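To be precise, the following lines are final.cif, and they hold mmCIF, C-alpha atoms.
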data_my_file
loop_
_atom_site.label_atom_id
_atom_site.label_comp_id
_atom_site.auth_asym_id
_atom_site.auth_seq_id
_atom_site.Cartn_x
_atom_site.Cartn_y
_atom_site.Cartn_z
CA MET A 1 -54.16 -89.02 -20.59
CA HIS A 2 -57.87 -88.58 -21.19
CA LEU A 3 -59.23 -85.74 -23.30
CA GLN A 4 -62.77 -85.55 -24.64
CA ASN A 5 -61.30 -84.64 -28.03
CA ASN A 6 -59.55 -88.04 -28.12
CA ILE A 7 -62.81 -90.00 -27.86
CA LEU A 8 -65.36 -90.68 -30.61
CA ALA A 9 -69.00 -91.48 -29.85
CA LEU A 10 -71.65 -92.54 -32.34
CA GLY A 11 -75.28 -93.47 -31.85
CA CYS A 12 -77.59 -95.85 -33.71
CA LEU A 13 -81.30 -95.42 -33.10
CA VAL A 14 -82.88 -98.87 -33.42
CA GLU A 15 -86.63 -99.11 -34.08
CA GLY A 16 -88.09 -102.57 -33.68
CA PRO A 17 -87.54 -105.51 -31.30
CA LEU A 18 -83.81 -105.82 -30.55
CA ASP A 19 -82.24 -109.07 -29.36
CA THR A 20 -79.45 -107.91 -27.04
CA GLY A 21 -77.88 -111.37 -26.92
CA ARG A 22 -77.58 -111.39 -30.68
CA LEU A 23 -76.20 -107.84 -30.59
CA ARG A 24 -73.55 -108.99 -28.12
CA GLN A 25 -72.48 -111.74 -30.53
CA ALA A 26 -72.32 -109.23 -33.40
CA PHE A 27 -70.16 -106.95 -31.23
CA VAL A 28 -67.60 -109.73 -30.72
CA ALA A 29 -67.72 -110.63 -34.42
CA LEU A 30 -67.13 -106.97 -35.32
CA GLN A 31 -63.88 -107.05 -33.33
CA GLU A 32 -62.84 -110.27 -35.02
CA ARG A 33 -63.47 -108.70 -38.43
CA HIS A 34 -61.47 -105.51 -37.74
CA GLU A 35 -58.11 -105.96 -36.04
CA SER A 36 -57.85 -102.29 -35.15
CA LEU A 37 -60.75 -102.67 -32.68
CA ARG A 38 -58.60 -105.12 -30.69
CA LEU A 39 -55.53 -102.91 -30.56
CA ILE A 40 -53.88 -102.09 -27.24
CA PHE A 41 -50.64 -100.29 -26.47
CA PRO A 42 -48.81 -102.09 -23.64
CA ARG A 43 -45.87 -100.43 -21.99
CA GLY A 44 -43.25 -102.03 -19.79
CA PRO A 45 -39.86 -101.22 -18.27
CA GLU A 46 -38.11 -102.80 -21.24
CA LEU A 47 -40.09 -100.72 -23.77
CA ALA A 48 -38.69 -97.31 -24.64
CA VAL A 49 -41.85 -96.38 -26.52
CA ASP A 50 -45.42 -97.63 -26.70
CA SER A 51 -45.89 -100.78 -28.75
CA ALA A 52 -49.01 -102.19 -30.35
CA ALA A 53 -50.55 -105.58 -29.62
CA LEU A 54 -53.82 -107.36 -30.34
CA ARG A 55 -56.14 -108.54 -27.57
CA THR A 56 -58.71 -111.30 -27.95
CA ALA A 57 -62.17 -110.32 -29.19
CA ASP A 58 -64.63 -110.42 -26.28
CA ASN A 59 -67.69 -108.69 -24.86
CA ALA A 60 -65.86 -106.85 -22.06
CA GLY A 61 -66.98 -103.48 -23.40
CA PHE A 62 -70.66 -104.44 -23.88
CA ARG A 63 -73.42 -103.19 -21.54
CA VAL A 64 -77.23 -103.04 -21.58
CA VAL A 65 -78.99 -100.39 -19.46
CA GLU A 66 -82.47 -98.90 -19.10
CA ALA A 67 -83.26 -95.29 -20.02
CA GLY A 68 -85.42 -94.98 -16.91
CA THR A 69 -88.52 -93.33 -18.40
CA ASP A 70 -91.58 -94.41 -20.36
CA ASP A 71 -91.69 -91.25 -22.47
CA PRO A 72 -89.91 -91.95 -25.82
CA ALA A 73 -88.69 -88.37 -26.34
CA ALA A 74 -87.36 -88.06 -22.80
CA GLY A 75 -85.95 -91.57 -23.04
CA LEU A 76 -83.99 -90.74 -26.16
CA GLN A 77 -82.47 -87.67 -24.52
CA GLN A 78 -81.58 -89.74 -21.48
CA ALA A 79 -80.05 -92.41 -23.72
CA LYS A 80 -77.88 -89.86 -25.50
CA ALA A 81 -76.74 -88.52 -22.14
CA LEU A 82 -75.78 -92.03 -21.01
CA VAL A 83 -73.67 -92.58 -24.13
CA ALA A 84 -72.00 -89.19 -23.68
CA GLU A 85 -71.36 -90.11 -20.03
CA ALA A 86 -69.70 -93.36 -21.16
CA ALA A 87 -67.32 -91.24 -23.22
CA GLU A 88 -66.23 -89.45 -20.04
CA VAL A 89 -64.65 -92.63 -18.66
CA PRO A 90 -60.96 -92.89 -19.63
CA PHE A 91 -59.74 -95.86 -21.65
CA ASP A 92 -56.85 -98.03 -20.48
CA LEU A 93 -54.58 -97.90 -23.52
CA ALA A 94 -52.28 -100.58 -22.17
CA ASN A 95 -54.90 -103.23 -21.45
CA GLY A 96 -58.05 -102.23 -23.35
CA PRO A 97 -60.59 -102.69 -24.58
CA LEU A 98 -60.58 -99.36 -26.43
CA LEU A 99 -64.15 -99.88 -27.61
CA ARG A 100 -67.43 -99.80 -25.66
CA LEU A 101 -70.94 -100.64 -26.84
CA LEU A 102 -73.77 -99.32 -24.68
CA CYS A 103 -77.27 -100.54 -25.54
CA VAL A 104 -79.86 -98.28 -23.92
CA ARG A 105 -83.40 -99.67 -23.80
CA ILE A 106 -85.93 -96.86 -24.19
CA SER A 107 -88.92 -99.14 -24.83
CA PRO A 108 -89.36 -102.73 -26.06
CA ALA A 109 -89.31 -101.44 -29.65
CA LEU A 110 -86.86 -98.55 -29.30
CA HIS A 111 -83.18 -98.67 -28.35
CA LEU A 112 -80.16 -96.44 -28.69
CA VAL A 113 -76.98 -98.39 -29.39
CA GLY A 114 -74.07 -96.13 -28.56
CA CYS A 115 -70.49 -96.89 -29.52
CA VAL A 116 -67.64 -95.16 -27.71
CA VAL A 117 -64.12 -95.68 -29.05
CA ASP A 118 -60.69 -94.18 -28.52
CA HIS A 119 -59.63 -91.96 -31.43
CA ILE A 120 -56.21 -93.63 -31.43
CA ILE A 121 -57.65 -96.69 -33.22
CA VAL A 122 -60.37 -95.26 -35.48
CA ASP A 123 -61.25 -92.17 -37.50
CA GLY A 124 -64.62 -90.60 -38.32
CA GLU A 125 -65.23 -92.64 -41.47
CA SER A 126 -64.56 -95.81 -39.48
CA CYS A 127 -67.61 -95.05 -37.33
CA ARG A 128 -69.93 -95.40 -40.32
CA ILE A 129 -68.22 -98.64 -41.35
CA MET A 130 -68.51 -100.01 -37.81
CA ALA A 131 -72.23 -99.24 -37.64
CA GLU A 132 -72.90 -100.87 -40.99
CA ASP A 133 -70.88 -103.99 -40.22
CA LEU A 134 -72.33 -104.36 -36.71
CA PHE A 135 -75.94 -104.51 -37.86
CA ARG A 136 -75.25 -106.63 -40.92
CA LEU A 137 -73.54 -109.11 -38.62
CA TYR A 138 -76.55 -108.85 -36.28
CA ALA A 139 -79.04 -109.49 -39.09
CA ALA A 140 -77.20 -112.48 -40.53
CA ASP A 141 -78.33 -116.01 -39.61
CA ALA A 142 -74.70 -116.75 -38.77
CA VAL A 143 -71.57 -114.64 -38.65
CA ASP A 144 -70.04 -116.36 -41.69
CA SER A 145 -73.24 -115.78 -43.70
CA ALA A 146 -73.16 -111.98 -43.33
CA THR A 147 -72.94 -110.24 -46.70
CA LEU A 148 -70.04 -107.91 -45.99
CA PRO A 149 -67.41 -106.62 -48.40
CA ALA A 150 -64.04 -108.26 -48.18
CA ILE A 151 -61.37 -106.45 -46.17
CA ASN A 152 -58.30 -106.48 -48.36
CA THR A 153 -56.07 -104.60 -45.94
CA GLN A 154 -56.25 -104.48 -42.16
CA PHE A 155 -55.11 -101.26 -40.51
CA LEU A 156 -51.90 -102.79 -39.14
CA ASP A 157 -51.01 -103.92 -42.66
CA PHE A 158 -51.68 -100.40 -43.92
CA ALA A 159 -49.52 -98.87 -41.19
CA HIS A 160 -46.65 -101.21 -42.08
CA SER A 161 -46.92 -100.51 -45.81
CA GLU A 162 -47.13 -96.76 -45.08
CA ARG A 163 -43.82 -96.90 -43.21
CA LEU A 164 -42.20 -98.70 -46.13
CA HIS A 165 -43.66 -96.15 -48.57
CA LEU A 166 -42.72 -92.99 -46.67
CA ARG A 167 -38.99 -93.08 -47.15
CA GLY A 168 -36.36 -92.00 -49.64
CA ARG A 169 -37.47 -89.84 -52.55
CA THR A 170 -41.17 -90.18 -51.70
CA LEU A 171 -40.64 -88.81 -48.20
CA ASP A 172 -38.32 -86.06 -49.46
CA ARG A 173 -40.90 -84.95 -52.04
CA LEU A 174 -43.71 -84.76 -49.50
CA LEU A 175 -41.57 -83.04 -46.87
CA SER A 176 -40.44 -80.50 -49.46
CA TYR A 177 -44.04 -79.57 -50.24
CA TRP A 178 -45.06 -79.21 -46.60
CA ARG A 179 -41.85 -77.40 -45.72
CA ARG A 180 -42.92 -74.66 -48.13
CA LYS A 181 -46.53 -74.65 -46.92
CA LEU A 182 -45.58 -74.49 -43.24
CA ASP A 183 -42.80 -71.94 -43.60
CA GLY A 184 -43.57 -69.10 -41.21
CA VAL A 185 -46.64 -70.68 -39.60
CA GLY A 186 -45.53 -74.11 -38.38
CA ALA A 187 -47.42 -77.38 -38.10
CA ILE A 188 -50.03 -75.89 -35.74
CA PRO A 189 -50.64 -72.36 -37.05
CA ARG A 190 -51.55 -69.79 -34.43
CA SER A 191 -54.90 -68.13 -34.95
CA HIS A 192 -53.78 -64.67 -33.72
CA LEU A 193 -57.39 -64.18 -32.64
CA ARG A 194 -58.40 -62.48 -29.42
CA ASP A 195 -61.58 -61.21 -27.83
CA PRO A 196 -60.71 -57.78 -26.39
CA ALA A 197 -63.91 -57.76 -24.33
CA ALA A 198 -62.90 -61.01 -22.65
CA ASP A 199 -59.53 -59.51 -21.72
CA GLU A 200 -60.96 -56.60 -19.76
CA ASP A 201 -60.89 -57.18 -16.01
CA ARG A 202 -61.71 -60.83 -16.47
CA PRO A 203 -60.03 -63.40 -14.22
CA MET A 204 -58.54 -66.50 -15.84
CA ALA A 205 -61.38 -69.00 -16.21
CA SER A 206 -61.32 -72.74 -16.74
CA ARG A 207 -62.03 -74.08 -20.21
CA GLN A 208 -65.74 -74.23 -21.04
CA LEU A 209 -67.75 -74.81 -24.20
CA LEU A 210 -69.75 -72.16 -26.02
CA VAL A 211 -71.79 -73.26 -29.06
CA ARG A 212 -73.49 -71.10 -31.68
CA ARG A 213 -75.41 -72.60 -34.61
CA ALA A 214 -76.87 -71.41 -37.91
CA VAL A 215 -78.82 -73.23 -40.61
CA ILE A 216 -78.80 -72.79 -44.37
CA GLU A 217 -82.39 -73.82 -45.12
CA PRO A 218 -83.37 -75.90 -48.19
CA SER A 219 -84.21 -73.00 -50.55
CA SER A 220 -80.99 -71.13 -49.76
CA CYS A 221 -79.05 -74.40 -49.77
CA THR A 222 -80.21 -75.15 -53.33
CA ARG A 223 -79.08 -71.73 -54.51
CA LEU A 224 -75.73 -72.15 -52.70
CA ARG A 225 -75.10 -75.44 -54.50
CA GLN A 226 -76.05 -73.85 -57.82
CA ALA A 227 -73.59 -71.02 -57.15
CA ALA A 228 -70.81 -73.49 -56.31
CA ARG A 229 -71.46 -75.46 -59.52
CA GLN A 230 -71.41 -72.28 -61.60
CA GLN A 231 -68.04 -71.36 -60.09
CA ARG A 232 -66.81 -74.96 -60.41
CA VAL A 233 -65.95 -75.17 -56.74
CA THR A 234 -67.07 -77.28 -53.80
CA LEU A 235 -69.03 -76.48 -50.67
CA THR A 236 -65.88 -77.25 -48.70
CA ALA A 237 -63.94 -74.56 -50.61
CA VAL A 238 -66.68 -71.98 -50.06
CA SER A 239 -66.93 -72.84 -46.35
CA ALA A 240 -63.18 -72.69 -45.77
CA ALA A 241 -62.80 -69.44 -47.72
CA ALA A 242 -65.52 -67.74 -45.66
CA LEU A 243 -63.88 -68.85 -42.43
CA LYS A 244 -60.49 -67.53 -43.49
CA ASP A 245 -61.88 -64.18 -44.59
CA VAL A 246 -63.58 -63.71 -41.21
CA VAL A 247 -60.29 -64.57 -39.49
CA ARG A 248 -58.47 -62.03 -41.68
CA ARG A 249 -60.95 -59.29 -40.81
CA ARG A 250 -60.74 -60.05 -37.11
CA ARG A 251 -56.98 -59.84 -37.25
CA LEU A 252 -57.12 -56.48 -39.01
CA ALA A 253 -59.47 -55.20 -36.29
CA LEU A 254 -56.85 -56.24 -33.72
CA GLY A 255 -54.24 -54.07 -35.45
CA MET A 256 -52.29 -56.62 -37.52
CA ASN A 257 -50.92 -55.34 -40.81
CA PRO A 258 -52.57 -56.64 -44.02
CA ASP A 259 -49.74 -59.00 -44.94
CA GLN A 260 -49.78 -60.70 -41.56
CA ALA A 261 -53.56 -60.67 -41.23
CA GLY A 262 -54.01 -62.13 -44.71
CA ASP A 263 -51.66 -65.08 -44.25
CA VAL A 264 -54.33 -67.40 -42.87
CA ALA A 265 -53.71 -71.04 -41.99
CA VAL A 266 -56.21 -73.26 -40.17
CA MET A 267 -56.19 -76.89 -39.06
CA GLY A 268 -58.34 -79.22 -41.10
CA SER A 269 -58.68 -82.98 -41.57
CA ILE A 270 -58.41 -85.28 -44.57
CA SER A 271 -59.57 -88.88 -44.85
CA ASN A 272 -56.29 -90.26 -46.27
CA ARG A 273 -58.23 -93.17 -47.83
CA HIS A 274 -56.87 -92.68 -51.33
CA ARG A 275 -56.04 -96.40 -51.59
CA SER A 276 -58.94 -98.55 -52.81
CA ASP A 277 -57.90 -101.48 -50.60
CA VAL A 278 -58.76 -99.62 -47.37
CA VAL A 279 -62.23 -98.37 -48.33
CA HIS A 280 -63.95 -100.93 -46.05
CA SER A 281 -61.29 -101.02 -43.33
CA VAL A 282 -61.59 -99.64 -39.81
CA GLY A 283 -58.62 -97.74 -38.41
CA TYR A 284 -57.08 -94.34 -37.89
CA PHE A 285 -56.39 -93.44 -41.52
CA ALA A 286 -57.44 -89.77 -41.34
CA THR A 287 -54.89 -87.12 -40.52
CA PRO A 288 -54.97 -83.47 -39.51
CA CYS A 289 -53.65 -81.05 -42.09
CA VAL A 290 -52.73 -77.39 -42.46
CA LEU A 291 -54.78 -75.33 -44.93
CA ARG A 292 -52.89 -72.11 -45.71
CA THR A 293 -54.09 -69.44 -48.14
CA ASP A 294 -52.88 -65.92 -48.96
CA LEU A 295 -55.61 -63.28 -48.57
CA SER A 296 -53.29 -60.34 -48.00
CA ASP A 297 -54.56 -58.46 -51.08
CA ALA A 298 -58.18 -58.74 -49.83
CA PRO A 299 -59.43 -60.47 -53.01
CA PRO A 300 -63.11 -60.58 -53.98
CA PHE A 301 -64.75 -63.53 -52.32
CA THR A 302 -65.24 -65.50 -55.54
CA GLU A 303 -61.49 -65.18 -56.18
CA LEU A 304 -60.76 -66.26 -52.63
CA VAL A 305 -62.88 -69.37 -53.16
CA ARG A 306 -60.83 -70.21 -56.25
CA ARG A 307 -57.62 -69.82 -54.27
CA GLU A 308 -59.02 -72.02 -51.53
CA THR A 309 -59.81 -74.66 -54.13
CA GLY A 310 -56.13 -74.68 -55.06
CA THR A 311 -55.18 -75.01 -51.38
CA LEU A 312 -57.48 -78.00 -50.95
CA LEU A 313 -56.30 -79.72 -54.14
CA GLY A 314 -52.66 -79.28 -53.13
CA THR A 315 -53.40 -80.78 -49.74
CA LEU A 316 -55.19 -83.79 -51.24
CA ARG A 317 -52.28 -84.42 -53.61
CA HIS A 318 -49.91 -84.56 -50.63
CA GLN A 319 -52.13 -86.21 -48.02
CA GLU A 320 -49.95 -89.32 -47.80
CA LEU A 321 -47.76 -87.66 -45.18
CA PRO A 322 -49.42 -87.96 -41.73
CA HIS A 323 -49.50 -84.75 -39.73
CA ALA A 324 -47.64 -86.40 -36.84
CA LEU A 325 -44.71 -87.36 -39.07
CA MET A 326 -44.79 -83.95 -40.75
CA THR A 327 -44.63 -82.24 -37.37
CA ARG A 328 -41.86 -84.45 -36.02
CA GLU A 329 -39.70 -83.78 -39.06
CA LEU A 330 -40.45 -80.10 -39.72
CA ASP A 331 -41.67 -78.61 -36.43
CA PRO A 332 -40.41 -80.91 -33.64
CA GLU A 333 -41.13 -78.42 -30.84
CA ARG A 334 -44.87 -78.84 -31.54
CA TYR A 335 -44.81 -82.62 -31.90
CA GLY A 336 -47.62 -84.04 -29.76
CA VAL A 337 -48.55 -80.64 -28.33
CA ARG A 338 -52.26 -80.93 -29.23
CA HIS A 339 -52.60 -83.89 -26.88
CA ARG A 340 -51.01 -82.34 -23.83
CA VAL A 341 -52.93 -81.26 -20.76
CA GLY A 342 -52.46 -78.03 -18.85
CA SER A 343 -52.85 -74.30 -19.20
CA GLY A 344 -50.90 -72.93 -22.13
CA ALA A 345 -49.93 -76.38 -23.40
CA VAL A 346 -51.78 -75.97 -26.68
CA PRO A 347 -51.40 -72.90 -28.93
CA GLU A 348 -54.54 -71.07 -30.01
CA TYR A 349 -55.52 -72.25 -33.47
CA VAL A 350 -58.65 -72.52 -35.65
CA ASN A 351 -60.02 -75.94 -36.53
CA PHE A 352 -62.23 -76.47 -39.58
CA ASP A 353 -64.28 -79.57 -40.45
CA VAL A 354 -66.86 -80.50 -43.07
CA SER A 355 -68.95 -83.65 -42.74
CA GLU A 356 -71.44 -85.08 -45.20
CA ALA A 357 -74.18 -86.13 -42.82
CA GLY A 358 -76.56 -86.51 -45.74
CA THR A 359 -74.66 -89.60 -46.86
CA GLY A 360 -74.83 -91.12 -43.38
CA TRP A 361 -75.63 -94.79 -43.03
CA SER A 362 -78.97 -96.40 -42.24
CA PHE A 363 -80.08 -100.03 -42.20
CA THR A 364 -83.42 -101.75 -42.58
CA ASP A 365 -84.38 -105.41 -42.50
CA GLU A 366 -87.63 -107.27 -41.83
CA ALA A 367 -87.62 -106.41 -38.13
CA LEU A 368 -85.40 -103.38 -37.57
CA ARG A 369 -84.80 -99.88 -38.80
CA VAL A 370 -81.45 -98.42 -37.75
CA THR A 371 -80.41 -94.78 -38.21
CA MET A 372 -77.16 -93.13 -37.18
CA ILE A 373 -77.67 -90.07 -34.95
CA ARG A 374 -75.42 -87.52 -33.28
CA ILE A 375 -74.36 -87.81 -29.67
CA PRO A 376 -74.01 -84.27 -28.22
CA ARG A 377 -70.88 -83.94 -26.11
CA ASN A 378 -69.13 -81.24 -24.15
CA GLU A 379 -65.96 -81.01 -26.25
CA VAL A 380 -64.15 -77.71 -25.80
CA PRO A 381 -62.02 -77.06 -28.92
CA ARG A 382 -58.37 -77.51 -28.07
CA GLY A 383 -57.29 -74.51 -30.13
CA GLY A 384 -60.08 -72.27 -28.91
CA VAL A 385 -62.16 -72.04 -32.11
CA ARG A 386 -63.71 -74.78 -34.22
CA LEU A 387 -66.09 -74.41 -37.16
CA LEU A 388 -68.06 -77.48 -38.23
CA VAL A 389 -70.10 -77.53 -41.44
CA ARG A 390 -72.54 -80.42 -41.59
CA ASP A 391 -73.90 -81.10 -45.07
CA GLU A 392 -77.32 -82.75 -44.78
CA ARG A 393 -78.12 -82.51 -48.51
CA GLU A 394 -81.37 -80.60 -48.14
CA ARG A 395 -79.87 -78.17 -45.67
CA VAL A 396 -76.50 -77.27 -44.16
CA LEU A 397 -75.82 -76.88 -40.45
CA VAL A 398 -73.04 -74.56 -39.33
CA GLU A 399 -71.75 -74.87 -35.79
CA LEU A 400 -69.21 -72.59 -34.15
CA ARG A 401 -67.66 -74.08 -31.02
CA THR A 402 -65.41 -71.88 -28.90
CA ASP A 403 -63.66 -71.93 -25.57
CA ALA A 404 -65.77 -69.47 -23.58
CA SER A 405 -62.84 -68.70 -21.30
CA ARG A 406 -61.14 -67.03 -24.29
CA TYR A 407 -64.03 -65.82 -26.48
CA GLY A 408 -67.26 -64.41 -25.09
CA PRO A 409 -70.82 -64.81 -26.40
CA GLN A 410 -70.85 -61.51 -28.32
CA TRP A 411 -67.58 -62.36 -30.04
CA ALA A 412 -68.96 -65.76 -31.11
CA ASP A 413 -72.29 -64.28 -32.25
CA THR A 414 -70.67 -61.68 -34.49
CA PHE A 415 -68.07 -64.14 -35.81
CA LEU A 416 -70.79 -66.55 -36.95
CA ALA A 417 -72.96 -63.72 -38.31
CA ASP A 418 -70.04 -62.41 -40.41
CA TYR A 419 -69.39 -65.93 -41.66
CA MET A 420 -73.00 -66.47 -42.72
CA ASP A 421 -73.06 -63.06 -44.45
CA LEU A 422 -70.13 -64.15 -46.64
CA ILE A 423 -71.90 -67.39 -47.57
CA LYS A 424 -75.00 -65.39 -48.47
CA GLU A 425 -72.95 -62.90 -50.49
CA PHE A 426 -71.32 -65.70 -52.49
CA THR A 427 -74.71 -67.27 -53.19
CA GLU A 428 -76.24 -64.00 -54.41
CA GLN A 429 -73.29 -62.84 -56.52
CA ALA A 430 -72.74 -66.17 -58.23
CA ASN A 431 -76.44 -66.44 -59.12
CA THR A 432 -76.74 -62.95 -60.64
#

Before anything else, please render the file you have as structure tokens.
Amino acid sequence: MHLQNNILALGCLVEGPLDTGRLRQAFVALQERHESLRLIFPRGPELAVDSAALRTADNAGFRVVEAGTDDPAAGLQQAKALVAEAAEVPFDLANGPLLRLLCVRISPALHLVGCVVDHIIVDGESCRIMAEDLFRLYAADAVDSATLPAINTQFLDFAHSERLHLRGRTLDRLLSYWRRKLDGVGAIPRSHLRDPAADEDRPMASRQLLVRRAVIEPSSCTRLRQAARQQRVTLTAVSAAALKDVVRRRRLALGMNPDQAGDVAVMGSISNRHRSDVVHSVGYFATPCVLRTDLSDAPPFTELVRRETGTLLGTLRHQELPHALMTRELDPERYGVRHRVGSGAVPEYVNFDVSEAGTGWSFTDEALRVTMIRIPRNEVPRGGVRLLVRDERERVLVELRTDASRYGPQWADTFLADYMDLIKEFTEQANT
């Protein structure tokens, strides 16, 4: 099935004359370098479950198109829209390819190279690696002369070694930890959030995206980082703690008792690249996770941040267990539920993500300057609410994405305002 949430799209803005024939060759070489980009999942009558196979590297997913305007600004917007449109087309998991490269010509010296890939074969960190490898392969005189780090472990090798590792005492230890953490909330914790205004005389609407954004500007961002250092915590811990406290307060306003309202668990994501041999590999290493923290005693926010730090550290120490395996073993009724289609198929949950955009990749050689950029897409959060914190070093972008059929504009506005107030409060208190 095809869901927008199952597709990743990245953009590379290329300034300078681009040789599309050479880019096509680099695209094929990229697939040869990373086995995961050639993965397909054939299914036949004799196969009880999907199996994995490798297809031959080719340029079947490569296209060059024109933006259709001479204005650079308008052309860039059109190019982004074309890449986002390419992400709307379902992938054929059985036959592939599960990777597309769309080169949009805006002008002779300006292109947007958009990569669209199925999430089943790559994670977010893989996108940066793919961009870097693609343009280093492009810039090299020959494929074998490209100065690229050695790949010590291909993703299929990692998956095999992971299966061998996750058994016996190791598996029992990890399952024991997550059994305690998930007790009472399950592998996909319900948000228990509701917008009373949206419930009043409102017919059931189809899923639609509502986005609200806020920015922590450079001066405030500097003070926030100073506050985090003084408290010996991370921006991720502060961000997650603020989200959970807003959720707790919303639950109390809906009439939940303090113990129930304060038991807050959200869905997060961890890179799962703790092994040094996979640092330069492309594949789906990342895994969802459950971040559960007790706020039932309404602690001061600085204390809540410390508790959240403990939650994050515990999760990182036990990240070896993929969420899918965890769910299958401990909460089988919810196994695969996030990828189902249909009304009521997915429980309402809160998703939380932090990305370090400030460490994003860029590339420059004698002829080209390449910069990774975002591709805006109409992804409605599967659980209804998603908070994304984008760390751009000098500033921090906060984006609240909600399903507008469940949560109205006023609900989203006040939710984000309450969240930003907590961030501001932490910054001021820690710096006094």

Step by step: start from the point (-56.5, -84.0, -44.6) in the file's coordinates, keep every protein, DNA or RNA residue that has an atom no farther than 7 Å from it, count only C-alpha atoms, and write the set as a list of chain:residue names.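 All residues meeting the 7 Å criterion around (-56.5, -84.0, -44.6) are A:Gly268, A:Ser269, A:Ile270, A:Ser271, A:Asn272, A:Ala286, A:Thr287, A:Pro288, A:Cys289, A:Thr315, A:Leu316, A:Gln319.
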
Residues near region 386-395 of chain A, cut-off 9 Å, all atoms listed in the file, skip fewer than 4 positions along chain, as a ChimeraX atom specification: /A:215-222,235-236,239,243,349-360,380-382,399-402

Output the selection as a PDB file, keeping the file's coordinate frame - C-alpha atoms for each residue.
ATOM      1  CA  VAL A 215     -78.820 -73.230 -40.610  1.00  0.00           C
ATOM      2  CA  ILE A 216     -78.800 -72.790 -44.370  1.00  0.00           C
ATOM      3  CA  GLU A 217     -82.390 -73.820 -45.120  1.00  0.00           C
ATOM      4  CA  PRO A 218     -83.370 -75.900 -48.190  1.00  0.00           C
ATOM      5  CA  SER A 219     -84.210 -73.000 -50.550  1.00  0.00           C
ATOM      6  CA  SER A 220     -80.990 -71.130 -49.760  1.00  0.00           C
ATOM      7  CA  CYS A 221     -79.050 -74.400 -49.770  1.00  0.00           C
ATOM      8  CA  THR A 222     -80.210 -75.150 -53.330  1.00  0.00           C
ATOM      9  CA  LEU A 235     -69.030 -76.480 -50.670  1.00  0.00           C
ATOM     10  CA  THR A 236     -65.880 -77.250 -48.700  1.00  0.00           C
ATOM     11  CA  SER A 239     -66.930 -72.840 -46.350  1.00  0.00           C
ATOM     12  CA  LEU A 243     -63.880 -68.850 -42.430  1.00  0.00           C
ATOM     13  CA  TYR A 349     -55.520 -72.250 -33.470  1.00  0.00           C
ATOM     14  CA  VAL A 350     -58.650 -72.520 -35.650  1.00  0.00           C
ATOM     15  CA  ASN A 351     -60.020 -75.940 -36.530  1.00  0.00           C
ATOM     16  CA  PHE A 352     -62.230 -76.470 -39.580  1.00  0.00           C
ATOM     17  CA  ASP A 353     -64.280 -79.570 -40.450  1.00  0.00           C
ATOM     18  CA  VAL A 354     -66.860 -80.500 -43.070  1.00  0.00           C
ATOM     19  CA  SER A 355     -68.950 -83.650 -42.740  1.00  0.00           C
ATOM     20  CA  GLU A 356     -71.440 -85.080 -45.200  1.00  0.00           C
ATOM     21  CA  ALA A 357     -74.180 -86.130 -42.820  1.00  0.00           C
ATOM     22  CA  GLY A 358     -76.560 -86.510 -45.740  1.00  0.00           C
ATOM     23  CA  THR A 359     -74.660 -89.600 -46.860  1.00  0.00           C
ATOM     24  CA  GLY A 360     -74.830 -91.120 -43.380  1.00  0.00           C
ATOM     25  CA  VAL A 380     -64.150 -77.710 -25.800  1.00  0.00           C
ATOM     26  CA  PRO A 381     -62.020 -77.060 -28.920  1.00  0.00           C
ATOM     27  CA  ARG A 382     -58.370 -77.510 -28.070  1.00  0.00           C
ATOM     28  CA  GLU A 399     -71.750 -74.870 -35.790  1.00  0.00           C
ATOM     29  CA  LEU A 400     -69.210 -72.590 -34.150  1.00  0.00           C
ATOM     30  CA  ARG A 401     -67.660 -74.080 -31.020  1.00  0.00           C
ATOM     31  CA  THR A 402     -65.410 -71.880 -28.900  1.00  0.00           C
TER      32      THR A 402
END

So what do you get for CA of Leu252 (chain A) versus CA of Pro300 (chain A), distance-wise?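 That distance, rounded to one decimal, is 16.6 Å.
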
For the provided coordinates, the residues matched by the PyMOL selection byres ((chain A and resi 207) around 9) should be stated as a VMD selection string. chain A and resid 205 to 206 208 to 209 380 403 to 406

Spatial neighbours of Arg179 (chain A), 9 Å, all atoms listed in the file, chain gap at least 5 places, as a count of residues only: 4

Taking the file above as input, evaluate the PyMOL selection byres ((chain A and resi 416-419) around 7) and report the hits as a ChimeraX atom specification. /A:242-243,246,400,412-415,420-423

I'd like the neighbourhood of Ala197 (chain A) as a PyMOL selection string, where a residue qualifies if any of its atoms comes within 10 Å (using only C-alpha atoms), though same-chain residues fewer than 5 positions away should be ignored. chain A and resi 202+406-408+410-411

Serialized region 360-371 of chain A w/ C-alpha atoms as a CSV table (one decimal), in the first residue's frame:
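Writing done, so here's selection-v5.csv:
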chain,number,residue,atom,x,y,z
A,360,GLY,CA,23.4,18.9,6.9
A,361,TRP,CA,25.6,18.1,4.0
A,362,SER,CA,26.9,20.4,1.3
A,363,PHE,CA,29.4,19.8,-1.5
A,364,THR,CA,31.6,22.2,-3.5
A,365,ASP,CA,34.1,21.5,-6.3
A,366,GLU,CA,35.6,23.6,-9.1
A,367,ALA,CA,32.3,23.7,-11.0
A,368,LEU,CA,29.4,23.0,-8.7
A,369,ARG,CA,28.0,24.0,-5.3
A,370,VAL,CA,25.5,21.5,-3.9
A,371,THR,CA,23.2,22.2,-0.9
